[in-house]
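Right, one structure below, let's go through it.
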Protein chains: 2
Amino acid sequence: MAGCLLAFEALDALAFRPFGDVIETAGAAVRLINQGTTTRYDCAARIDVGTSGDRPHLALFRATRRARPITISMMERHPLGSQAFVPLSDGDWLVVVAPGDGPPDPMALRCFRATRHQGVNIARNVWHHPLLVLAPEQTFLVLERAGNGDNLEEVTFSNEADSRFIDL
Amino acid sequence: MAGCLLAFEALDALAFRPFGDVIETAGAAVRLINQGTTTRYDCAARIDVGTSGDRPHLALFRATRRARPITISMMERHPLGSQAFVPLSDGDWLVVVAPGDGPPDPMALRCFRATRHQGVNIARNVWHHPLLVLAPEQTFLVLERAGNGDNLEEVTFSNEADSRFIDL
């Protein structure tokens, strides 16, 4: 198998902060609303869905598990807005990101393992891998920017040896 | 018990359209993405989180079930933006809304029963009741408008006899 193992770390708001925000009840501002029947957690995710003329857009993504080992041979980013993923179904999932604005360095990738109770908001222009789930099928709510212009950049690693694999 | 029974109807995109949008895979534009591993459903919800200077905001609401019968004696609305609720946990839930821009007419209320796989986006200025869940505890992702100004109006029905009750 070409490429190096990519080890995972638990998703943690502080560790993930250079790449975006974790959407979870932990650490959120809490208050009781609706005659005391509902607890409200304000997540402080930095939703960034563009400038004037753009708009927030909701979609549902139903992702299936990839073959093992999961191979990371490309990355993508959205130069015009953030993209949030919030799990609607059970199962852990993975968030693979790369630091920096230049072309993603395969050896610098980070892999965060998120629980069913953790969403993420990936910041504008942050390199990330498309959705990776660990259960056979998992559904997510996705909040992103819609509008004119090309909001997708993709990079495929030029050498097979640059691929990373996740042994999960 | 004062007040009249409020019967429920199944949540349906067409019936709900005067009040907002249903966020669900049914009826959405579908395409395969992410190397064929993910099905994307674009929901066409009319997210309306305000004008310049406003911003979209995510929160998590953990709602508990109210005592039976559920009594509807007040309604609220948000004059500055839409508010979306998407279930993150199991259980049916109820969306109580009133037509029109004037003070809500208790006898004109509609009660939609939503499944665990249906979210709603309540349009700006639509009278609705705070979150009503049928399981002991249910969590939702909420997408709404944040910014300056007062985005909440509440009306309490003046006569106890105006209350509606839901026998579920």
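Labels used: A, B, ... for chains in the order of the structure tokens, numbers from 1 for residues in each chain, and numbers from 1 for ligands as shown.
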
What are the closest atom pairs, with distances in Å to one decimal, for each residue of range 32-83 of chain B lying within 9 Å of range 138-150 of chain B, using only C-alpha atoms, rows by chain and rising residue number, as a Markdown table?
```
| residue | atom | partner | partner_atom | distance |
| --- | --- | --- | --- | --- |
| B:Ile47 | CA | B:Glu144 | CA | 8.4 |
| B:Asp48 | CA | B:Arg145 | CA | 7.6 |
| B:Val49 | CA | B:Arg145 | CA | 4.3 |
| B:Gly50 | CA | B:Arg145 | CA | 6.2 |
| B:Gly53 | CA | B:Gly147 | CA | 6.8 |
| B:Asp54 | CA | B:Gly147 | CA | 4.6 |
| B:Arg55 | CA | B:Ala146 | CA | 5.3 |
| B:Pro56 | CA | B:Arg145 | CA | 4.9 |
| B:His57 | CA | B:Glu144 | CA | 5.3 |
| B:Leu58 | CA | B:Leu143 | CA | 4.8 |
| B:Ala59 | CA | B:Val142 | CA | 5.1 |
| B:Leu60 | CA | B:Leu141 | CA | 4.7 |
| B:Phe61 | CA | B:Phe140 | CA | 5.2 |
| B:Arg62 | CA | B:Thr139 | CA | 4.3 |
| B:Ala63 | CA | B:Gln138 | CA | 5.4 |
| B:Thr64 | CA | B:Gln138 | CA | 6.6 |
| B:Arg65 | CA | B:Gln138 | CA | 8.4 |
| B:His78 | CA | B:Asp150 | CA | 8.5 |
| B:Pro79 | CA | B:Asp150 | CA | 8.1 |
| B:Leu80 | CA | B:Arg145 | CA | 7.3 |
| B:Gly81 | CA | B:Arg145 | CA | 5.5 |
| B:Ser82 | CA | B:Glu144 | CA | 6.0 |
| B:Gln83 | CA | B:Glu144 | CA | 4.5 |
```

Open item on the list: When you look at range 103-108 of chain B with a cut-off of 12 Å (counting only C-alpha atoms), what residues show up, excluding the ones that are within fewer than 2 positions of it in the same chain? I need them as number ranges by chain.
Closed with: B: 3-7, 71-77, 96-101, 110-111, 125-129, 153-165

Task: Computed interatomic separation between CA of Val22 in chain A and CA of Gly91 in chain B (Å) - done: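 Pair CA of Val22 in chain A / CA of Gly91 in chain B returns 24.8 Å.
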
- [ ] Find the residue from B:Val120, B:Ala28, B:Leu109, B:Cys43 that sits nearest to chain A; use only C-alpha atoms when measuring.
- [x]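 Between B:Val120, B:Ala28, B:Leu109, B:Cys43, the residue approaching chain A most closely is B:Cys43.
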
TODO: Taking the chain letters and numbering used in this document, name the residues of range 10-154 of chain B that DSSP puts in strand (DSSP E), as an NGL selection string.
DONE: :B and (10 or 20-23 or 29-33 or 38-42 or 55-64 or 70-72 or 74-77 or 83-87 or 93-98 or 110-114 or 119-122 or 127-128 or 132-133 or 137-146 or 153-154)

- [ ] Extract the full set of alpha helix (DSSP H) residues from chain A according to DSSP on the backbone, and format it as a list of chain:residue names.
- [x]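 Restricting chain A to alpha helix (DSSP H) produces A:Ala13, A:Leu14, A:Ala15, A:Phe16.
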